[in-house]
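Structure first, commentary second.
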Amino acid sequence: MKQISLGDLTAEQFLQEYWQKKPLLIRQAIPHFKPPITPDELAGLACEEGVESRLILEKHGKRPWEVRHGPFPESVFAKLPKTHWTLLVQEVNRHVPEIADLMDQFNFVPSWRLDDVMISYAVPQGSVGAHTDSYDVFLLQAYGQRRWHISHDAGEFQPDLELKILQRFQAEQTWDLDPGDMLYLPPHIAHHGVALNECMTISIGFLAPSYRDLLQDYAQFIADELFTDEQRYSDPDLTLPAHSGELNAQSLAKICQIIRQMPMEEDAIQHWFGCFISESRAGTEYETPDMPYNVKTWWKSFAESGYLRRQARAFFARDAEGYTLFIEGCAFSLEEAEYFAAPLLTGQRDFVYQEVVEVWPESLVKLLCDWTNRGWFYFYEL
């Protein structure tokens, strides 16, 4: 699989010297880059239901840094001022296959760490203000020019704004990015991007789950796996308390016994994490076929179209008991004859009929048939 250029650095050097350590400007990470989506197409996406989008008006709105949420009527764009506004569209990788393919070029980082691709379109002087992110991000200039200012000093945010914009920002370094140039920023580096002209920037963001989210989700997952609502605290051996207001040793021992049932073995955590990290954002919906496939009709459609594409998040894990494939929050144990497919199904998106028709066992095809019926895979033609 093609890997995006990191300039003069190898992937190993980048991870050792820059990843989560310091910013890096990469000139012409993609030489002669032509974005797979135009500004008009991006605006069209922002008008669709189920697409998360925002308009940011630094000036000329009802208030400074006004935020408007999509979907938008098409007429809204003709009424906007000529300067100082930005359109942001989230998860463009879900709607434009070529953007998902671009995402895959960052394969020097485990794919579960990839979150989504946001694309911003801005008119001259358009910006979202000086801010920080709690995750790693690559900022690929797609169209026009944007000036980036960065600083290691991030203070308080401005009060009473929907956007988290820094109150004070003093630039330490400044760069102008042309199409194909890319800026890597580790978490918590303050940055401020301003459009020098009509421009578009592709932001490849990475997941950084908080400790709180991880622990809460694991606890909920285990609680759902182990217990039902009918299982409740009980104390048929209750004895007369010395003080009615005391949390005594007898009660605490029962509570501790319940809490200690939470498994901490690596295989239990692996199973939960695979389900947790493979699930798409809340509200994600996949288009399903009008008529569900069976194995016979699935192969027929594959042969007629020639190509199969995965659009769902998918990862695999292996342990002493074998391979498990995680897709969209679900776990699937693979048979030994299917082990070879785990890195293929999770490491690439597209599959060619002629290359797999004599290779994929029927047991695997049954799984793929099910996943296609759920909308996680789909057929297409070139």
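Convention: chains lettered A, B, ... in structure tokens order; per-chain residue numbering from 1; ligands numbered from 1 as shown.
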*Among the residues of region 35-111 of chain A, find those DSSP assigns to strand (DSSP E) from the backbone and print them as a VMD selection string.*
chain A and resid 53 to 57 66 to 69 85 to 89
Closest atom pairs, residues of region 52-163 of chain A within 9 Å of region 27-35 of chain A, only C-alpha atoms, as JSON lines:
{"residue": "A:Ile99", "atom": "CA", "partner": "A:Pro35", "partner_atom": "CA", "distance": 8.7}
{"residue": "A:Leu140", "atom": "CA", "partner": "A:Ala29", "partner_atom": "CA", "distance": 8.3}
{"residue": "A:Gln141", "atom": "CA", "partner": "A:Phe33", "partner_atom": "CA", "distance": 8.8}
{"residue": "A:Ala142", "atom": "CA", "partner": "A:Pro35", "partner_atom": "CA", "distance": 5.6}
{"residue": "A:Tyr143", "atom": "CA", "partner": "A:Pro35", "partner_atom": "CA", "distance": 7.2}
Write the residues of the preceding selection, restricted to all heavy atoms, as an mmCIF file, in the first residue's frame.
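Okay, result01.cif is ready:
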data_model
loop_
_atom_site.group_PDB
_atom_site.id
_atom_site.type_symbol
_atom_site.label_atom_id
_atom_site.label_comp_id
_atom_site.auth_asym_id
_atom_site.auth_seq_id
_atom_site.Cartn_x
_atom_site.Cartn_y
_atom_site.Cartn_z
ATOM 1 N N ILE A 99 -11.064 9.907 -0.551
ATOM 2 C CA ILE A 99 -10.565 10.486 0.701
ATOM 3 C C ILE A 99 -10.220 9.379 1.693
ATOM 4 O O ILE A 99 -9.216 9.450 2.420
ATOM 5 C CB ILE A 99 -11.595 11.463 1.301
ATOM 6 C CG1 ILE A 99 -11.748 12.684 0.397
ATOM 7 C CG2 ILE A 99 -11.186 11.889 2.697
ATOM 8 C CD1 ILE A 99 -10.525 13.575 0.316
ATOM 9 N N LEU A 140 -3.118 18.786 5.413
ATOM 10 C CA LEU A 140 -2.682 18.706 4.020
ATOM 11 C C LEU A 140 -3.370 19.803 3.225
ATOM 12 O O LEU A 140 -4.597 19.851 3.153
ATOM 13 C CB LEU A 140 -3.027 17.326 3.443
ATOM 14 C CG LEU A 140 -2.762 17.115 1.950
ATOM 15 C CD1 LEU A 140 -1.269 17.184 1.645
ATOM 16 C CD2 LEU A 140 -3.348 15.770 1.498
ATOM 17 N N GLN A 141 -2.572 20.674 2.634
ATOM 18 C CA GLN A 141 -3.160 21.740 1.820
ATOM 19 C C GLN A 141 -3.607 21.164 0.489
ATOM 20 O O GLN A 141 -2.837 20.536 -0.230
ATOM 21 C CB GLN A 141 -2.146 22.869 1.608
ATOM 22 C CG GLN A 141 -2.743 24.139 1.052
ATOM 23 C CD GLN A 141 -3.802 24.743 1.970
ATOM 24 O OE1 GLN A 141 -3.788 24.522 3.180
ATOM 25 N NE2 GLN A 141 -4.740 25.481 1.395
ATOM 26 N N ALA A 142 -4.901 21.372 0.186
ATOM 27 C CA ALA A 142 -5.480 20.747 -1.005
ATOM 28 C C ALA A 142 -5.674 21.719 -2.152
ATOM 29 O O ALA A 142 -5.608 21.330 -3.324
ATOM 30 C CB ALA A 142 -6.831 20.115 -0.644
ATOM 31 N N TYR A 143 -5.895 22.992 -1.804
ATOM 32 C CA TYR A 143 -6.282 23.967 -2.832
ATOM 33 C C TYR A 143 -5.999 25.349 -2.270
ATOM 34 O O TYR A 143 -6.252 25.611 -1.084
ATOM 35 C CB TYR A 143 -7.763 23.771 -3.144
ATOM 36 C CG TYR A 143 -8.399 24.789 -4.061
ATOM 37 C CD1 TYR A 143 -8.218 24.734 -5.437
ATOM 38 C CD2 TYR A 143 -9.216 25.804 -3.540
ATOM 39 C CE1 TYR A 143 -8.824 25.659 -6.272
ATOM 40 C CE2 TYR A 143 -9.825 26.731 -4.366
ATOM 41 C CZ TYR A 143 -9.626 26.657 -5.734
ATOM 42 O OH TYR A 143 -10.221 27.569 -6.549
#
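Going from CA of Ile327 (chain A) to CA of Gly274 (chain A) covers 8.2 Å.
Proximity ranking of A:Ile56, A:Ala11, A:Leu185, A:Ala154 relative to Leu24 (chain A) places A:Leu185 first, based on only C-alpha atoms.
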_When you count only C-alpha atoms, which of these residues is closest to Thr86 (chain A): A:His149, A:His243, A:Arg232, A:Lys59?_
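Closest candidate: A:Lys59.
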Using only C-alpha atoms, determine which residues lie at most 7 Å from region 302-317 of chain A, disregarding the query and same-chain residues fewer than 2 positions distant; provide the list as a CSV table (one decimal) with all heavy atoms, in the first residue's frame.
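File produced: selection.csv:
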chain,number,residue,atom,x,y,z
A,278,SER,N,-13.6,-0.4,17.0
A,278,SER,CA,-14.1,-0.6,15.6
A,278,SER,C,-15.4,0.0,15.4
A,278,SER,O,-15.9,0.1,14.2
A,278,SER,CB,-14.2,-2.1,15.3
A,278,SER,OG,-15.1,-2.8,16.1
A,279,GLU,N,-16.1,0.4,16.4
A,279,GLU,CA,-17.4,1.0,16.2
A,279,GLU,C,-17.4,2.5,15.7
A,279,GLU,O,-16.6,3.3,16.3
A,279,GLU,CB,-18.2,1.0,17.6
A,279,GLU,CG,-19.7,1.3,17.4
A,279,GLU,CD,-20.5,1.0,18.6
A,279,GLU,OE1,-19.9,0.8,19.7
A,279,GLU,OE2,-21.7,0.9,18.5
A,280,SER,N,-18.1,2.8,14.7
A,280,SER,CA,-18.1,4.1,14.2
A,280,SER,C,-18.8,5.1,15.1
A,280,SER,O,-19.5,4.7,16.1
A,280,SER,CB,-18.8,4.1,12.8
A,280,SER,OG,-18.0,3.4,11.8
A,298,TRP,N,-24.6,-13.4,-3.8
A,298,TRP,CA,-23.4,-12.6,-3.5
A,298,TRP,C,-22.3,-12.8,-4.5
A,298,TRP,O,-21.8,-11.8,-5.0
A,298,TRP,CB,-23.0,-12.9,-2.1
A,298,TRP,CG,-21.9,-12.0,-1.5
A,298,TRP,CD1,-22.1,-10.8,-0.8
A,298,TRP,CD2,-20.5,-12.2,-1.7
A,298,TRP,NE1,-20.9,-10.3,-0.5
A,298,TRP,CE2,-19.9,-11.1,-1.0
A,298,TRP,CE3,-19.7,-13.1,-2.3
A,298,TRP,CZ2,-18.5,-10.9,-0.9
A,298,TRP,CZ3,-18.3,-13.0,-2.2
A,298,TRP,CH2,-17.7,-11.9,-1.5
A,299,TRP,N,-22.0,-14.0,-4.8
A,299,TRP,CA,-20.9,-14.3,-5.8
A,299,TRP,C,-21.3,-13.8,-7.1
A,299,TRP,O,-20.5,-13.2,-7.9
A,299,TRP,CB,-20.7,-15.8,-5.8
A,299,TRP,CG,-19.6,-16.3,-4.9
A,299,TRP,CD1,-19.8,-17.3,-4.0
A,299,TRP,CD2,-18.2,-15.9,-4.9
A,299,TRP,NE1,-18.6,-17.6,-3.4
A,299,TRP,CE2,-17.6,-16.7,-3.8
A,299,TRP,CE3,-17.5,-15.0,-5.5
A,299,TRP,CZ2,-16.3,-16.6,-3.5
A,299,TRP,CZ3,-16.1,-14.8,-5.2
A,299,TRP,CH2,-15.6,-15.6,-4.2
A,300,LYS,N,-22.6,-13.9,-7.5
A,300,LYS,CA,-23.1,-13.4,-8.8
A,300,LYS,C,-22.9,-11.9,-8.9
A,300,LYS,O,-22.4,-11.4,-9.9
A,300,LYS,CB,-24.5,-13.8,-9.0
A,300,LYS,CG,-25.1,-13.5,-10.3
A,300,LYS,CD,-26.6,-14.0,-10.4
A,300,LYS,CE,-27.1,-13.7,-11.8
A,300,LYS,NZ,-27.4,-12.3,-12.1
A,319,ASP,N,-4.6,-14.4,19.4
A,319,ASP,CA,-4.1,-14.9,20.7
A,319,ASP,C,-4.0,-16.4,20.5
A,319,ASP,O,-4.0,-17.0,19.4
A,319,ASP,CB,-5.1,-14.5,21.8
A,319,ASP,CG,-6.5,-14.9,21.5
A,319,ASP,OD1,-6.7,-15.9,20.8
A,319,ASP,OD2,-7.4,-14.3,22.1
A,323,TYR,N,-7.7,-16.2,15.7
A,323,TYR,CA,-7.9,-14.8,15.2
A,323,TYR,C,-9.4,-14.4,15.4
A,323,TYR,O,-10.3,-15.1,15.2
A,323,TYR,CB,-7.6,-14.7,13.7
A,323,TYR,CG,-6.2,-14.8,13.3
A,323,TYR,CD1,-5.4,-15.9,13.5
A,323,TYR,CD2,-5.6,-13.7,12.7
A,323,TYR,CE1,-4.0,-15.9,13.2
A,323,TYR,CE2,-4.2,-13.7,12.3
A,323,TYR,CZ,-3.5,-14.8,12.6
A,323,TYR,OH,-2.2,-14.8,12.2
A,324,THR,N,-9.5,-13.1,15.8
A,324,THR,CA,-10.8,-12.5,15.9
A,324,THR,C,-10.9,-11.2,15.0
A,324,THR,O,-9.9,-10.4,15.1
A,324,THR,CB,-11.2,-12.1,17.4
A,324,THR,OG1,-11.1,-13.3,18.2
A,324,THR,CG2,-12.6,-11.5,17.5
A,325,LEU,N,-11.9,-11.1,14.3
A,325,LEU,CA,-12.1,-9.9,13.4
A,325,LEU,C,-13.1,-9.0,14.1
A,325,LEU,O,-14.2,-9.5,14.5
A,325,LEU,CB,-12.6,-10.3,12.0
A,325,LEU,CG,-12.3,-9.3,10.9
A,325,LEU,CD1,-10.8,-9.2,10.7
A,325,LEU,CD2,-12.9,-9.9,9.6
A,326,PHE,N,-12.8,-7.7,14.2
A,326,PHE,CA,-13.8,-6.8,14.8
A,326,PHE,C,-14.2,-5.8,13.8
A,326,PHE,O,-13.4,-5.1,13.1
A,326,PHE,CB,-13.1,-6.0,16.0
A,326,PHE,CG,-12.6,-6.9,17.1
A,326,PHE,CD1,-11.2,-7.3,17.1
A,326,PHE,CD2,-13.4,-7.3,18.1
A,326,PHE,CE1,-10.8,-8.1,18.1
A,326,PHE,CE2,-13.0,-8.1,19.1
A,326,PHE,CZ,-11.6,-8.5,19.1
A,327,ILE,N,-15.5,-5.7,13.6
A,327,ILE,CA,-16.1,-4.8,12.6
A,327,ILE,C,-17.3,-4.1,13.2
A,327,ILE,O,-18.2,-4.8,13.7
A,327,ILE,CB,-16.6,-5.5,11.3
A,327,ILE,CG1,-15.4,-6.4,10.7
A,327,ILE,CG2,-17.0,-4.5,10.3
A,327,ILE,CD1,-15.8,-7.0,9.4
A,328,GLU,N,-17.3,-2.8,13.2
A,328,GLU,CA,-18.4,-2.0,13.7
A,328,GLU,C,-19.0,-2.5,15.1
A,328,GLU,O,-20.2,-2.6,15.3
A,328,GLU,CB,-19.6,-2.0,12.7
A,328,GLU,CG,-19.3,-1.1,11.5
A,328,GLU,CD,-19.1,0.3,11.8
A,328,GLU,OE1,-19.8,0.8,12.8
A,328,GLU,OE2,-18.3,1.0,11.2
A,342,ALA,N,-7.6,-12.2,7.7
A,342,ALA,CA,-7.6,-11.1,8.7
A,342,ALA,C,-6.8,-9.9,8.3
A,342,ALA,O,-7.4,-8.8,8.3
A,342,ALA,CB,-7.2,-11.7,10.1
A,346,THR,N,-8.6,-6.2,6.8
A,346,THR,CA,-8.5,-5.0,7.7
A,346,THR,C,-7.4,-4.1,7.1
A,346,THR,O,-7.4,-2.9,7.5
A,346,THR,CB,-8.1,-5.4,9.1
A,346,THR,OG1,-6.9,-6.2,9.1
A,346,THR,CG2,-9.2,-6.2,9.7
A,349,ARG,N,-9.0,-1.9,1.4
A,349,ARG,CA,-10.4,-1.7,1.3
A,349,ARG,C,-11.0,-2.3,0.1
A,349,ARG,O,-12.2,-2.7,0.1
A,349,ARG,CB,-10.6,-0.1,1.2
A,349,ARG,CG,-10.3,0.6,2.4
A,349,ARG,CD,-10.6,2.1,2.3
A,349,ARG,NE,-10.1,2.9,3.4
A,349,ARG,CZ,-10.7,3.1,4.5
A,349,ARG,NH1,-11.9,2.6,4.7
A,349,ARG,NH2,-10.1,3.8,5.5
A,350,ASP,N,-10.2,-2.5,-1.0
A,350,ASP,CA,-10.8,-3.0,-2.3
A,350,ASP,C,-10.3,-4.4,-2.6
A,350,ASP,O,-9.1,-4.7,-2.4
A,350,ASP,CB,-10.4,-2.0,-3.4
A,350,ASP,CG,-10.9,-0.6,-3.1
A,350,ASP,OD1,-12.1,-0.4,-3.3
A,350,ASP,OD2,-10.1,0.3,-2.7
A,351,PHE,N,-11.2,-5.2,-3.2
A,351,PHE,CA,-10.9,-6.5,-3.5
A,351,PHE,C,-11.5,-6.8,-4.9
A,351,PHE,O,-12.6,-6.4,-5.3
A,351,PHE,CB,-11.6,-7.5,-2.5
A,351,PHE,CG,-11.2,-7.2,-1.1
A,351,PHE,CD1,-11.9,-6.3,-0.3
A,351,PHE,CD2,-10.0,-7.7,-0.6
A,351,PHE,CE1,-11.5,-6.0,1.0
A,351,PHE,CE2,-9.6,-7.4,0.7
A,351,PHE,CZ,-10.3,-6.5,1.5
A,352,VAL,N,-10.6,-7.5,-5.7
A,352,VAL,CA,-11.0,-7.8,-7.1
A,352,VAL,C,-11.4,-9.2,-7.2
A,352,VAL,O,-10.8,-10.1,-6.7
A,352,VAL,CB,-9.7,-7.5,-8.0
A,352,VAL,CG1,-10.0,-7.8,-9.5
A,352,VAL,CG2,-9.2,-6.1,-7.8
A,353,TYR,N,-12.6,-9.4,-7.9
A,353,TYR,CA,-13.2,-10.7,-8.1
A,353,TYR,C,-12.2,-11.7,-8.6
A,353,TYR,O,-12.1,-12.8,-8.0
A,353,TYR,CB,-14.4,-10.6,-9.0
A,353,TYR,CG,-15.0,-11.9,-9.3
A,353,TYR,CD1,-15.9,-12.5,-8.4
A,353,TYR,CD2,-14.7,-12.5,-10.5
A,353,TYR,CE1,-16.4,-13.8,-8.7
A,353,TYR,CE2,-15.3,-13.8,-10.9
A,353,TYR,CZ,-16.1,-14.4,-9.9
A,353,TYR,OH,-16.7,-15.6,-10.2
A,376,TRP,N,-21.6,-3.0,5.4
A,376,TRP,CA,-20.2,-2.8,5.7
A,376,TRP,C,-19.3,-3.0,4.5
A,376,TRP,O,-18.2,-2.4,4.5
A,376,TRP,CB,-19.8,-3.7,6.8
A,376,TRP,CG,-20.6,-3.5,8.1
A,376,TRP,CD1,-21.4,-2.5,8.4
A,376,TRP,CD2,-20.6,-4.4,9.2
A,376,TRP,NE1,-21.9,-2.7,9.7
A,376,TRP,CE2,-21.5,-3.9,10.2
A,376,TRP,CE3,-20.1,-5.7,9.5
A,376,TRP,CZ2,-21.8,-4.5,11.4
A,376,TRP,CZ3,-20.4,-6.3,10.7
A,376,TRP,CH2,-21.2,-5.7,11.6
A,377,PHE,N,-19.7,-3.8,3.6
A,377,PHE,CA,-19.1,-3.9,2.3
A,377,PHE,C,-20.1,-3.6,1.2
A,377,PHE,O,-21.3,-3.8,1.4
A,377,PHE,CB,-18.5,-5.4,2.1
A,377,PHE,CG,-17.3,-5.7,2.9
A,377,PHE,CD1,-17.4,-5.9,4.3
A,377,PHE,CD2,-16.1,-5.9,2.3
A,377,PHE,CE1,-16.3,-6.2,5.1
A,377,PHE,CE2,-15.0,-6.2,3.1
A,377,PHE,CZ,-15.1,-6.4,4.5
A,378,TYR,N,-19.6,-3.2,0.0
A,378,TYR,CA,-20.5,-3.1,-1.1
A,378,TYR,C,-19.7,-3.3,-2.4
A,378,TYR,O,-18.5,-3.2,-2.5
A,378,TYR,CB,-21.1,-1.6,-1.1
A,378,TYR,CG,-20.1,-0.5,-1.4
A,378,TYR,CD1,-19.8,-0.1,-2.6
A,378,TYR,CD2,-19.5,0.1,-0.3
A,378,TYR,CE1,-18.9,1.0,-2.9
A,378,TYR,CE2,-18.6,1.1,-0.5
A,378,TYR,CZ,-18.3,1.6,-1.8
A,378,TYR,OH,-17.4,2.6,-2.0
A,379,PHE,N,-20.5,-3.7,-3.5
A,379,PHE,CA,-20.0,-4.0,-4.8
A,379,PHE,C,-19.9,-2.7,-5.6
A,379,PHE,O,-20.8,-1.8,-5.4
A,379,PHE,CB,-20.8,-5.0,-5.5
A,379,PHE,CG,-20.9,-6.3,-4.8
A,379,PHE,CD1,-22.1,-6.8,-4.3
A,379,PHE,CD2,-19.8,-7.1,-4.6
A,379,PHE,CE1,-22.2,-8.0,-3.7
A,379,PHE,CE2,-19.9,-8.3,-4.0
A,379,PHE,CZ,-21.1,-8.8,-3.5
A,380,TYR,N,-19.0,-2.6,-6.5
A,380,TYR,CA,-18.9,-1.4,-7.4
A,380,TYR,C,-18.2,-1.8,-8.7
A,380,TYR,O,-17.5,-2.8,-8.8
A,380,TYR,CB,-18.2,-0.2,-6.7
A,380,TYR,CG,-16.7,-0.4,-6.5
A,380,TYR,CD1,-15.8,0.1,-7.4
A,380,TYR,CD2,-16.2,-1.1,-5.4
A,380,TYR,CE1,-14.4,0.0,-7.2
A,380,TYR,CE2,-14.9,-1.3,-5.2
A,380,TYR,CZ,-14.0,-0.7,-6.1
A,380,TYR,OH,-12.6,-0.9,-5.9
A,381,GLU,N,-18.4,-1.0,-9.7
A,381,GLU,CA,-17.8,-1.2,-11.0
A,381,GLU,C,-16.8,0.0,-11.3
A,381,GLU,O,-17.0,1.1,-10.8
A,381,GLU,CB,-18.8,-1.3,-12.1
A,381,GLU,CG,-19.8,-2.4,-12.0
A,381,GLU,CD,-20.9,-2.4,-13.0
A,381,GLU,OE1,-20.7,-1.6,-14.0
A,381,GLU,OE2,-21.9,-3.1,-12.9
